[in-house]
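File shown here: start_10.cif, holding mmCIF, C-alpha atoms.
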data_work
loop_
_atom_site.label_atom_id
_atom_site.label_comp_id
_atom_site.auth_asym_id
_atom_site.auth_seq_id
_atom_site.Cartn_x
_atom_site.Cartn_y
_atom_site.Cartn_z
CA MET A 16 5.90 -17.75 -18.71
CA LEU A 17 2.27 -18.09 -17.74
CA SER A 18 0.96 -21.59 -17.16
CA GLU A 19 -2.18 -22.87 -18.85
CA ARG A 20 -4.03 -22.49 -15.56
CA GLU A 21 -2.85 -18.88 -15.23
CA LEU A 22 -3.83 -18.08 -18.79
CA ASP A 23 -7.30 -19.36 -17.98
CA ARG A 24 -7.48 -17.66 -14.56
CA TYR A 25 -6.54 -14.24 -15.93
CA LYS A 26 -8.28 -14.60 -19.28
CA ARG A 27 -10.65 -11.69 -18.85
CA GLN A 28 -7.95 -9.18 -17.93
CA ILE A 29 -5.53 -10.58 -20.50
CA MET A 30 -8.20 -9.68 -23.05
CA PHE A 31 -7.62 -6.07 -22.01
CA PHE A 32 -3.83 -5.77 -21.68
CA GLY A 33 -2.32 -8.95 -23.15
CA ASP A 34 -0.05 -11.83 -22.10
CA GLU A 35 3.15 -9.79 -21.78
CA ARG A 36 1.68 -7.39 -19.28
CA GLN A 37 0.20 -10.24 -17.27
CA GLU A 38 3.68 -11.71 -17.13
CA LYS A 39 4.89 -8.35 -15.74
CA LEU A 40 2.42 -8.75 -12.91
CA LYS A 41 3.66 -12.28 -12.30
CA LYS A 42 7.23 -11.01 -12.00
CA ALA A 43 6.27 -8.16 -9.68
CA ASN A 44 7.12 -8.03 -5.98
CA ILE A 45 4.95 -5.73 -3.86
CA PHE A 46 5.53 -5.00 -0.18
CA ILE A 47 2.42 -4.26 1.91
CA VAL A 48 2.72 -2.82 5.40
CA GLY A 49 -0.39 -3.68 7.38
CA ALA A 50 -2.88 -6.56 7.24
CA GLY A 51 -5.83 -4.56 8.55
CA GLY A 52 -8.50 -2.32 7.05
CA LEU A 53 -6.49 -1.15 4.04
CA GLY A 54 -4.16 -4.13 3.84
CA SER A 55 -7.09 -6.51 3.46
CA PRO A 56 -8.57 -5.22 0.18
CA VAL A 57 -5.13 -4.31 -1.14
CA SER A 58 -3.67 -7.78 -0.64
CA ILE A 59 -6.83 -9.57 -1.79
CA TYR A 60 -7.08 -7.72 -5.11
CA LEU A 61 -3.36 -7.78 -5.80
CA ALA A 62 -3.49 -11.53 -5.23
CA VAL A 63 -6.37 -12.16 -7.60
CA ALA A 64 -4.79 -9.85 -10.20
CA GLY A 65 -1.76 -12.16 -10.29
CA ILE A 66 0.98 -10.19 -8.56
CA GLY A 67 3.70 -12.83 -8.39
CA THR A 68 5.11 -12.04 -4.94
CA ILE A 69 3.23 -10.33 -2.13
CA THR A 70 5.06 -9.61 1.11
CA LEU A 71 2.79 -8.67 3.99
CA VAL A 72 4.12 -7.30 7.29
CA ASP A 73 2.05 -7.02 10.47
CA LYS A 74 2.53 -7.72 14.17
CA ASP A 75 -1.07 -7.59 15.41
CA ILE A 76 -3.50 -10.27 16.56
CA VAL A 77 -7.01 -10.51 15.12
CA ASP A 78 -9.54 -8.91 17.46
CA GLN A 79 -13.32 -8.87 17.21
CA THR A 80 -13.26 -5.08 16.84
CA ASN A 81 -11.33 -5.54 13.58
CA LEU A 82 -14.05 -7.46 11.81
CA ASN A 83 -16.18 -4.55 10.57
CA ARG A 84 -13.49 -3.64 8.06
CA GLN A 85 -10.61 -6.16 7.95
CA THR A 86 -11.99 -8.56 5.36
CA LEU A 87 -8.99 -10.91 5.41
CA HIS A 88 -10.14 -12.11 8.82
CA ASN A 89 -13.30 -13.59 10.35
CA ASP A 90 -14.62 -14.83 13.69
CA ARG A 91 -12.62 -18.05 13.53
CA ASP A 92 -9.42 -16.01 13.30
CA ILE A 93 -9.91 -14.10 16.56
CA GLY A 94 -6.76 -14.55 18.63
CA ARG A 95 -4.63 -15.61 15.64
CA LYS A 96 -1.78 -13.63 14.20
CA LYS A 97 -3.01 -11.48 11.35
CA THR A 98 -0.13 -12.69 9.20
CA GLU A 99 -1.22 -16.33 9.62
CA SER A 100 -4.82 -15.51 8.81
CA ALA A 101 -3.80 -13.42 5.80
CA GLU A 102 -1.45 -16.04 4.39
CA GLU A 103 -4.18 -18.68 4.58
CA LYS A 104 -6.77 -16.52 2.84
CA LEU A 105 -4.47 -15.25 0.09
CA HIS A 106 -3.17 -18.72 -0.78
CA ALA A 107 -6.77 -19.93 -0.97
CA LEU A 108 -7.63 -17.07 -3.33
CA ASN A 109 -4.68 -17.68 -5.63
CA PRO A 110 -2.36 -20.66 -5.14
CA ASP A 111 -0.27 -19.58 -8.14
CA ILE A 112 1.34 -16.63 -6.37
CA ARG A 113 3.96 -16.43 -3.62
CA VAL A 114 2.76 -14.97 -0.33
CA LYS A 115 5.41 -14.06 2.21
CA VAL A 116 4.19 -12.94 5.63
CA ILE A 117 6.38 -11.42 8.32
CA ASP A 118 5.13 -11.19 11.90
CA ILE A 119 7.18 -8.23 13.07
CA THR A 120 6.85 -4.55 13.90
CA ILE A 121 8.44 -2.54 11.12
CA GLY A 122 10.76 0.20 12.36
CA GLN A 123 13.75 2.36 11.59
CA PHE A 124 16.31 -0.41 12.04
CA ASN A 125 14.63 -3.16 10.01
CA ALA A 126 12.49 -1.35 7.40
CA SER A 127 15.05 -1.22 4.61
CA TRP A 128 15.99 -4.88 5.10
CA LEU A 129 12.35 -5.97 5.20
CA VAL A 130 11.47 -4.12 1.99
CA GLY A 131 14.48 -5.73 0.35
CA LYS A 132 14.20 -5.88 -3.44
CA ALA A 133 10.47 -5.19 -3.63
CA GLY A 134 9.38 -3.09 -6.59
CA GLY A 135 6.87 -0.99 -4.65
CA ILE A 136 5.55 -0.30 -1.16
CA VAL A 137 1.88 -0.07 -0.21
CA ASP A 138 1.19 2.06 2.85
CA ALA A 139 -1.71 0.32 4.60
CA MET A 140 -0.87 1.67 8.04
CA ASP A 141 -2.84 3.66 10.60
CA ASN A 142 -0.07 5.86 11.99
CA PHE A 143 2.03 8.63 10.51
CA PRO A 144 5.45 7.83 12.05
CA THR A 145 5.50 4.55 10.09
CA ARG A 146 4.28 6.36 6.98
CA TYR A 147 7.17 8.81 7.26
CA LEU A 148 9.55 5.87 7.50
CA LEU A 149 8.04 4.20 4.42
CA ASN A 150 8.30 7.52 2.57
CA ASP A 151 12.01 7.66 3.40
CA ILE A 152 12.66 4.04 2.40
CA ALA A 153 10.84 4.45 -0.92
CA ILE A 154 12.98 7.46 -1.79
CA LYS A 155 16.16 5.77 -0.64
CA LYS A 156 15.42 2.67 -2.76
CA ASN A 157 13.94 4.68 -5.65
CA ILE A 158 10.70 2.69 -5.71
CA PRO A 159 7.09 3.95 -5.64
CA LEU A 160 5.04 4.36 -2.48
CA PHE A 161 1.29 3.88 -2.77
CA HIS A 162 -0.25 5.84 0.10
CA GLY A 163 -3.70 5.48 1.59
CA ALA A 164 -5.33 6.75 4.77
CA ILE A 165 -8.86 6.62 6.18
CA ARG A 166 -11.09 8.05 8.89
CA GLY A 167 -14.81 7.46 9.22
CA PHE A 168 -16.40 8.04 5.81
CA TYR A 169 -13.32 9.91 4.55
CA GLY A 170 -10.12 8.76 2.89
CA GLN A 171 -7.17 9.85 0.81
CA ALA A 172 -4.69 8.26 -1.58
CA THR A 173 -1.76 9.19 -3.76
CA THR A 174 1.29 7.67 -5.44
CA ILE A 175 4.84 8.81 -4.74
CA ILE A 176 7.36 8.40 -7.57
CA PRO A 177 10.80 9.30 -6.16
CA GLY A 178 12.67 12.00 -8.05
CA LYS A 179 9.70 13.04 -10.14
CA ILE A 180 7.19 14.53 -7.73
CA PRO A 181 7.12 15.83 -4.16
CA CYS A 182 7.09 13.25 -1.41
CA LEU A 183 3.60 13.37 0.03
CA LEU A 184 4.31 12.91 3.69
CA ALA A 185 7.32 15.15 4.21
CA CYS A 186 6.06 17.89 1.88
CA ILE A 187 2.35 17.92 2.66
CA PHE A 188 2.33 16.60 6.21
CA PRO A 189 5.62 17.82 7.73
CA LYS A 190 4.26 17.09 11.20
CA ALA A 191 2.33 14.02 12.22
CA PRO A 192 -1.21 14.52 13.51
CA PRO A 193 -1.89 13.38 17.08
CA LYS A 194 -1.97 9.63 17.53
CA GLU A 195 -5.46 8.42 18.36
CA VAL A 196 -7.95 5.63 17.95
CA PHE A 197 -10.13 6.94 15.12
CA PRO A 198 -13.52 5.79 13.81
CA VAL A 199 -13.66 3.69 10.65
CA VAL A 200 -16.66 2.76 8.54
CA GLY A 201 -15.80 -0.53 6.85
CA VAL A 202 -16.61 0.60 3.31
CA THR A 203 -14.01 3.41 3.44
CA PRO A 204 -10.87 1.22 3.52
CA GLY A 205 -12.51 -0.87 0.82
CA PHE A 206 -12.80 2.17 -1.44
CA ILE A 207 -9.34 3.61 -0.71
CA GLY A 208 -7.74 0.17 -0.88
CA MET A 209 -9.17 -0.27 -4.38
CA VAL A 210 -7.67 3.06 -5.40
CA GLN A 211 -4.27 1.89 -4.12
CA VAL A 212 -4.53 -1.41 -5.99
CA ASN A 213 -5.52 0.42 -9.15
CA GLU A 214 -2.44 2.63 -8.80
CA VAL A 215 -0.16 -0.39 -8.31
CA LEU A 216 -1.54 -2.10 -11.41
CA LYS A 217 -1.28 1.02 -13.58
CA TYR A 218 2.30 1.53 -12.45
CA LEU A 219 3.35 -2.06 -13.14
CA LEU A 220 1.55 -2.18 -16.48
CA GLY A 221 2.80 1.23 -17.57
CA THR A 222 -0.65 2.44 -18.50
CA GLY A 223 -3.09 5.18 -17.54
CA GLU A 224 -2.43 8.26 -15.43
CA LEU A 225 -1.13 7.83 -11.89
CA LEU A 226 -2.09 9.96 -8.92
CA ALA A 227 1.51 11.15 -8.82
CA GLY A 228 1.53 14.80 -7.79
CA ARG A 229 -2.14 14.69 -6.83
CA LEU A 230 -3.90 13.80 -3.60
CA LEU A 231 -7.23 12.03 -4.06
CA ILE A 232 -9.76 12.92 -1.36
CA TRP A 233 -12.84 10.74 -0.84
CA ASP A 234 -15.92 12.03 0.98
CA GLY A 235 -18.19 9.04 1.38
CA LEU A 236 -20.99 11.06 2.95
CA VAL A 237 -21.68 12.82 -0.34
CA SER A 238 -19.97 10.29 -2.65
CA ARG A 239 -17.54 12.92 -3.89
CA VAL A 240 -13.98 12.48 -5.13
CA GLU A 241 -11.63 15.45 -5.41
CA LYS A 242 -8.04 15.51 -6.63
CA ILE A 243 -5.82 18.21 -5.19
CA PRO A 244 -2.49 19.10 -6.88
CA VAL A 245 0.50 18.87 -4.55
CA GLU A 246 3.81 20.66 -4.99
CA ARG A 247 7.29 20.05 -3.70
CA ASN A 248 8.25 21.91 -0.55
CA PRO A 249 11.57 23.61 -1.46
CA HIS A 250 12.69 23.15 2.14
CA CYS A 251 11.74 19.47 2.39
CA GLU A 252 14.73 17.62 3.80
CA VAL A 253 13.72 14.40 2.03
CA CYS A 254 12.98 15.25 -1.60
CA SER A 255 14.08 18.86 -2.11
CA SER A 256 16.41 19.25 -5.05
CA GLN A 257 18.44 21.60 -2.90
CA LYS A 258 19.43 18.80 -0.53
CA LYS A 259 20.73 15.32 -1.11
CA TYR A 260 18.84 12.66 0.80
CA THR A 261 21.12 10.56 3.01
CA GLY A 262 18.61 8.19 4.54
CA LYS A 263 19.40 9.45 8.05
CA LYS A 264 16.64 9.75 10.60
CA ARG A 265 15.03 13.15 10.78
CA GLU A 266 14.72 14.78 14.16
CA THR A 267 11.97 17.31 13.43
CA ARG A 268 8.99 14.97 13.69
CA ASN A 269 7.09 14.13 16.83
#

Would you mind writing the file's structure down as structure tokens?
Amino acid sequence: MLSERELDRYKRQIMFFGDERQEKLKKANIFIVGAGGLGSPVSIYLAVAGIGTITLVDKDIVDQTNLNRQTLHNDRDIGRKKTESAEEKLHALNPDIRVKVIDITIGQFNASWLVGKAGGIVDAMDNFPTRYLLNDIAIKKNIPLFHGAIRGFYGQATTIIPGKIPCLLACIFPKAPPKEVFPVVGVTPGFIGMVQVNEVLKYLLGTGELLAGRLLIWDGLVSRVEKIPVERNPHCEVCSSQKKYTGKKRETRN
């Protein structure tokens, strides 16, 4: 049940979707991988929306070069663990939610355990190998994956619903692009992060139309949004109906 303080805190959104749906948000458990450019707006707006449990995983330390886009952190946090900085900020924003931070590098041997019983995974990473892993875990656990990626003024987002649509990463990006340090304009992760949060809320509330089966492309230079239909790759070893997913590591990716 929502407390009197929660009823007052969420009053304006409860006006839109009601007490019962707000209680759904309170019961939700969302797993966010990354406390950086995307993880900052995602975690902030999930927190203020009233998501009951937010688990945030990151291994990095706050650096001054992060501060043009990673809004969870500021100058006083330089040299601190991002998880410590994030936990402090999110608790200050909403003391009525549970924030669990894990200072660890997520990988093949701990990912499933770390995700645990979460009801959804938010991909707020900056590398494709980890995204492939999250894609696999989401399918294995039959929970949604909310994907986002950015570069400069450009970004993309989609929602993966296992068993219903193609898996974005294995079907659309069967090979990872080269690993590199890429440019980021701070507003871009803000925009894409908001799209990811919006997808999480729609999914939990059971309302609206998800980006499932569609890839949203943002071009900030011309303020244009496009949505591209995506189809299942019949040869995809992860989600193809012709093959049963086993959760084993794939050897075809570099």

Selection under test: the PyMOL selection byres ((chain A and resi 117) around 8); residues as a CSV table (one decimal) with C-alpha atoms, in the coordinates of the input:
chain,number,residue,atom,x,y,z
A,70,THR,CA,5.1,-9.6,1.1
A,71,LEU,CA,2.8,-8.7,4.0
A,72,VAL,CA,4.1,-7.3,7.3
A,73,ASP,CA,2.0,-7.0,10.5
A,74,LYS,CA,2.5,-7.7,14.2
A,98,THR,CA,-0.1,-12.7,9.2
A,115,LYS,CA,5.4,-14.1,2.2
A,116,VAL,CA,4.2,-12.9,5.6
A,118,ASP,CA,5.1,-11.2,11.9
A,119,ILE,CA,7.2,-8.2,13.1

Practice prompt. Apply the PyMOL selection byres ((chain A and resi 62-68) around 7) to the file shown and report the selected residues as a PyMOL selection string.
Written response: chain A and resi 40-45+58-61+69-70+105+108-109+112-114

Kindly provide the residues of region 76-174 of chain A that approach region 219-224 of chain A to within 12 Å, each paired with its closest atom pair and their distance in Å to one decimal, based on all atoms listed in the file, listed by chain and increasing number, as a tab-separated table.
residue	atom	partner	partner_atom	distance
A:Gly134	CA	A:Leu219	CA	9.0
A:Gly135	CA	A:Leu219	CA	9.3
A:Ile158	CA	A:Leu219	CA	11.5
A:Pro159	CA	A:Leu219	CA	10.3
A:Thr173	CA	A:Glu224	CA	11.7
A:Thr174	CA	A:Glu224	CA	10.7

Fill in: Within-6 Å shell of (9.5, -8.9, 1.7) in input frame, only C-alpha atoms, as number ranges by chain
A: 46, 70, 129-130

Item to complete: Taking the file above as input, evaluate the PyMOL selection byres ((chain A and resi 226) around 9) and report the hits as a list in words.
Response: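 Selected by the PyMOL selection byres ((chain A and resi 226) around 9) in this file: Ala172, Thr173, Thr174, Ile175, Glu214, Glu224, Leu225, Ala227, Gly228, Arg229, Leu230, Leu231 and Lys242 of chain A.
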
Fill in: Between CA of Gly122 (chain A) and CA of Gly170 (chain A), distance in Å (one decimal)
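Straight-line distance from CA of Gly122 (chain A) to CA of Gly170 (chain A) works out to 24.5 Å.
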
Worksheet item: Mind pulling up the distance from CA of Ala153 (chain A) to CA of Pro177 (chain A)?
Response: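 One can read the CA of Pro177 (chain A) to CA of Ala153 (chain A) distance as 7.1 Å.
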
Worksheet item: Which residue out of A:Tyr218, A:Glu35, A:Arg27, A:Val77 has the minimum interatomic distance to Glu99 (chain A) when all atoms listed in the file are used?
Response: A:Val77

Worksheet item: Any idea what the distance is between CA of Val237 (chain A) and CA of Val199 (chain A)?
Response: 16.4 Å

Worksheet item: A:Pro144, A:Gly51, A:Gly178, A:Gly235: which is nearest Ala101 (chain A), counting all atoms listed in the file?
Response: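 Between A:Pro144, A:Gly51, A:Gly178, A:Gly235, the residue approaching Ala101 (chain A) most closely is A:Gly51.
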
Item to complete: Scan for residues within 10 Å of the point (-9.1, 7.1, 0.8) in the coordinates of the file, using only C-alpha atoms, and reply as a PyMOL selection string.
Response: chain A and resi 53+162-166+168-173+203-211+230-235+240

Worksheet item: Which residue gives the smallest distance to Asp78 (chain A) among A:Ser100, A:Ile187, A:Val57, A:Phe197, with only C-alpha atoms counted?
Response: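 Comparing A:Ser100, A:Ile187, A:Val57, A:Phe197 against Asp78 (chain A), the winner is A:Ser100.
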
Discussion item. Just want the 12 Å neighbourhood of Thr145 (chain A), counted on all atoms listed in the file, with same-chain residues fewer than 5 positions away dropped. Output as a list in words.
Written reply: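 Listing them by chain and then by number gives Val48, Gly49, Thr120, Ile121, Gly122, Gln123, Asn125, Ala126, Val137, Asp138, Ala139, Met140, Asn150, Asp151, Ile152, His162, Leu184, Ala191, Lys194, Arg268 and Asn269 of chain A.
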
Mind writing the picked residues with C-alpha atoms as a CSV table (one decimal), in the frame of the given file?
chain,number,residue,atom,x,y,z
A,48,VAL,CA,2.7,-2.8,5.4
A,49,GLY,CA,-0.4,-3.7,7.4
A,120,THR,CA,6.8,-4.6,13.9
A,121,ILE,CA,8.4,-2.5,11.1
A,122,GLY,CA,10.8,0.2,12.4
A,123,GLN,CA,13.8,2.4,11.6
A,125,ASN,CA,14.6,-3.2,10.0
A,126,ALA,CA,12.5,-1.4,7.4
A,137,VAL,CA,1.9,-0.1,-0.2
A,138,ASP,CA,1.2,2.1,2.8
A,139,ALA,CA,-1.7,0.3,4.6
A,140,MET,CA,-0.9,1.7,8.0
A,150,ASN,CA,8.3,7.5,2.6
A,151,ASP,CA,12.0,7.7,3.4
A,152,ILE,CA,12.7,4.0,2.4
A,162,HIS,CA,-0.2,5.8,0.1
A,184,LEU,CA,4.3,12.9,3.7
A,191,ALA,CA,2.3,14.0,12.2
A,194,LYS,CA,-2.0,9.6,17.5
A,268,ARG,CA,9.0,15.0,13.7
A,269,ASN,CA,7.1,14.1,16.8

Output region 52-84 of chain A with N, CA and C atoms present, as an mmCIF file, in the coordinates of the input.
data_model
loop_
_atom_site.group_PDB
_atom_site.id
_atom_site.type_symbol
_atom_site.label_atom_id
_atom_site.label_comp_id
_atom_site.auth_asym_id
_atom_site.auth_seq_id
_atom_site.Cartn_x
_atom_site.Cartn_y
_atom_site.Cartn_z
ATOM 1 N N GLY A 52 -7.430 -2.857 7.867
ATOM 2 C CA GLY A 52 -8.500 -2.320 7.050
ATOM 3 C C GLY A 52 -8.107 -2.051 5.609
ATOM 4 N N LEU A 53 -6.979 -1.408 5.394
ATOM 5 C CA LEU A 53 -6.490 -1.150 4.040
ATOM 6 C C LEU A 53 -5.747 -2.354 3.471
ATOM 7 N N GLY A 54 -4.947 -2.997 4.305
ATOM 8 C CA GLY A 54 -4.160 -4.130 3.840
ATOM 9 C C GLY A 54 -5.007 -5.283 3.350
ATOM 10 N N SER A 55 -6.217 -5.417 3.893
ATOM 11 C CA SER A 55 -7.090 -6.510 3.460
ATOM 12 C C SER A 55 -7.500 -6.386 1.996
ATOM 13 N N PRO A 56 -8.193 -5.315 1.594
ATOM 14 C CA PRO A 56 -8.570 -5.220 0.180
ATOM 15 C C PRO A 56 -7.373 -5.114 -0.750
ATOM 16 N N VAL A 57 -6.316 -4.441 -0.291
ATOM 17 C CA VAL A 57 -5.130 -4.310 -1.140
ATOM 18 C C VAL A 57 -4.538 -5.676 -1.444
ATOM 19 N N SER A 58 -4.304 -6.471 -0.419
ATOM 20 C CA SER A 58 -3.670 -7.780 -0.640
ATOM 21 C C SER A 58 -4.590 -8.728 -1.397
ATOM 22 N N ILE A 59 -5.884 -8.680 -1.101
ATOM 23 C CA ILE A 59 -6.830 -9.570 -1.790
ATOM 24 C C ILE A 59 -6.840 -9.294 -3.289
ATOM 25 N N TYR A 60 -6.945 -8.029 -3.679
ATOM 26 C CA TYR A 60 -7.080 -7.720 -5.110
ATOM 27 C C TYR A 60 -5.752 -7.757 -5.849
ATOM 28 N N LEU A 61 -4.640 -7.547 -5.147
ATOM 29 C CA LEU A 61 -3.360 -7.780 -5.800
ATOM 30 C C LEU A 61 -3.152 -9.273 -6.037
ATOM 31 N N ALA A 62 -3.617 -10.080 -5.086
ATOM 32 C CA ALA A 62 -3.490 -11.530 -5.230
ATOM 33 C C ALA A 62 -4.294 -12.040 -6.417
ATOM 34 N N VAL A 63 -5.552 -11.631 -6.507
ATOM 35 C CA VAL A 63 -6.370 -12.160 -7.600
ATOM 36 C C VAL A 63 -5.972 -11.568 -8.950
ATOM 37 N N ALA A 64 -5.279 -10.428 -8.945
ATOM 38 C CA ALA A 64 -4.790 -9.850 -10.200
ATOM 39 C C ALA A 64 -3.575 -10.602 -10.725
ATOM 40 N N GLY A 65 -2.903 -11.367 -9.847
ATOM 41 C CA GLY A 65 -1.760 -12.160 -10.290
ATOM 42 C C GLY A 65 -0.412 -11.565 -9.980
ATOM 43 N N ILE A 66 -0.323 -10.694 -8.969
ATOM 44 C CA ILE A 66 0.980 -10.190 -8.560
ATOM 45 C C ILE A 66 1.802 -11.372 -8.055
ATOM 46 N N GLY A 67 2.956 -11.594 -8.631
ATOM 47 C CA GLY A 67 3.700 -12.830 -8.390
ATOM 48 C C GLY A 67 4.169 -13.025 -6.966
ATOM 49 N N THR A 68 4.637 -11.941 -6.315
ATOM 50 C CA THR A 68 5.110 -12.040 -4.940
ATOM 51 C C THR A 68 4.505 -10.911 -4.114
ATOM 52 N N ILE A 69 3.809 -11.293 -3.065
ATOM 53 C CA ILE A 69 3.230 -10.330 -2.130
ATOM 54 C C ILE A 69 3.875 -10.570 -0.769
ATOM 55 N N THR A 70 4.504 -9.540 -0.232
ATOM 56 C CA THR A 70 5.060 -9.610 1.110
ATOM 57 C C THR A 70 4.202 -8.751 2.021
ATOM 58 N N LEU A 71 3.721 -9.341 3.092
ATOM 59 C CA LEU A 71 2.790 -8.670 3.990
ATOM 60 C C LEU A 71 3.376 -8.654 5.404
ATOM 61 N N VAL A 72 3.529 -7.460 5.967
ATOM 62 C CA VAL A 72 4.120 -7.300 7.290
ATOM 63 C C VAL A 72 3.089 -6.779 8.276
ATOM 64 N N ASP A 73 2.966 -7.457 9.412
ATOM 65 C CA ASP A 73 2.050 -7.020 10.470
ATOM 66 C C ASP A 73 2.427 -7.752 11.750
ATOM 67 N N LYS A 74 2.198 -7.114 12.877
ATOM 68 C CA LYS A 74 2.530 -7.720 14.170
ATOM 69 C C LYS A 74 1.291 -7.950 15.025
ATOM 70 N N ASP A 75 0.121 -7.553 14.576
ATOM 71 C CA ASP A 75 -1.070 -7.590 15.410
ATOM 72 C C ASP A 75 -1.743 -8.961 15.438
ATOM 73 N N ILE A 76 -2.639 -9.106 16.410
ATOM 74 C CA ILE A 76 -3.500 -10.270 16.560
ATOM 75 C C ILE A 76 -4.915 -9.881 16.158
ATOM 76 N N VAL A 77 -5.636 -10.793 15.527
ATOM 77 C CA VAL A 77 -7.010 -10.510 15.120
ATOM 78 C C VAL A 77 -7.893 -10.335 16.355
ATOM 79 N N ASP A 78 -8.630 -9.237 16.372
ATOM 80 C CA ASP A 78 -9.540 -8.910 17.460
ATOM 81 C C ASP A 78 -10.953 -8.730 16.887
ATOM 82 N N GLN A 79 -11.949 -8.985 17.706
ATOM 83 C CA GLN A 79 -13.320 -8.870 17.210
ATOM 84 C C GLN A 79 -13.629 -7.465 16.701
ATOM 85 N N THR A 80 -13.007 -6.456 17.283
ATOM 86 C CA THR A 80 -13.260 -5.080 16.840
ATOM 87 C C THR A 80 -12.693 -4.798 15.458
ATOM 88 N N ASN A 81 -11.883 -5.716 14.925
ATOM 89 C CA ASN A 81 -11.330 -5.540 13.580
ATOM 90 C C ASN A 81 -12.309 -5.922 12.477
ATOM 91 N N LEU A 82 -13.317 -6.724 12.828
ATOM 92 C CA LEU A 82 -14.050 -7.460 11.810
ATOM 93 C C LEU A 82 -15.045 -6.636 11.011
ATOM 94 N N ASN A 83 -15.286 -5.370 11.385
ATOM 95 C CA ASN A 83 -16.180 -4.550 10.570
ATOM 96 C C ASN A 83 -15.516 -4.041 9.309
ATOM 97 N N ARG A 84 -14.200 -4.235 9.195
ATOM 98 C CA ARG A 84 -13.490 -3.640 8.060
ATOM 99 C C ARG A 84 -12.332 -4.492 7.539
#
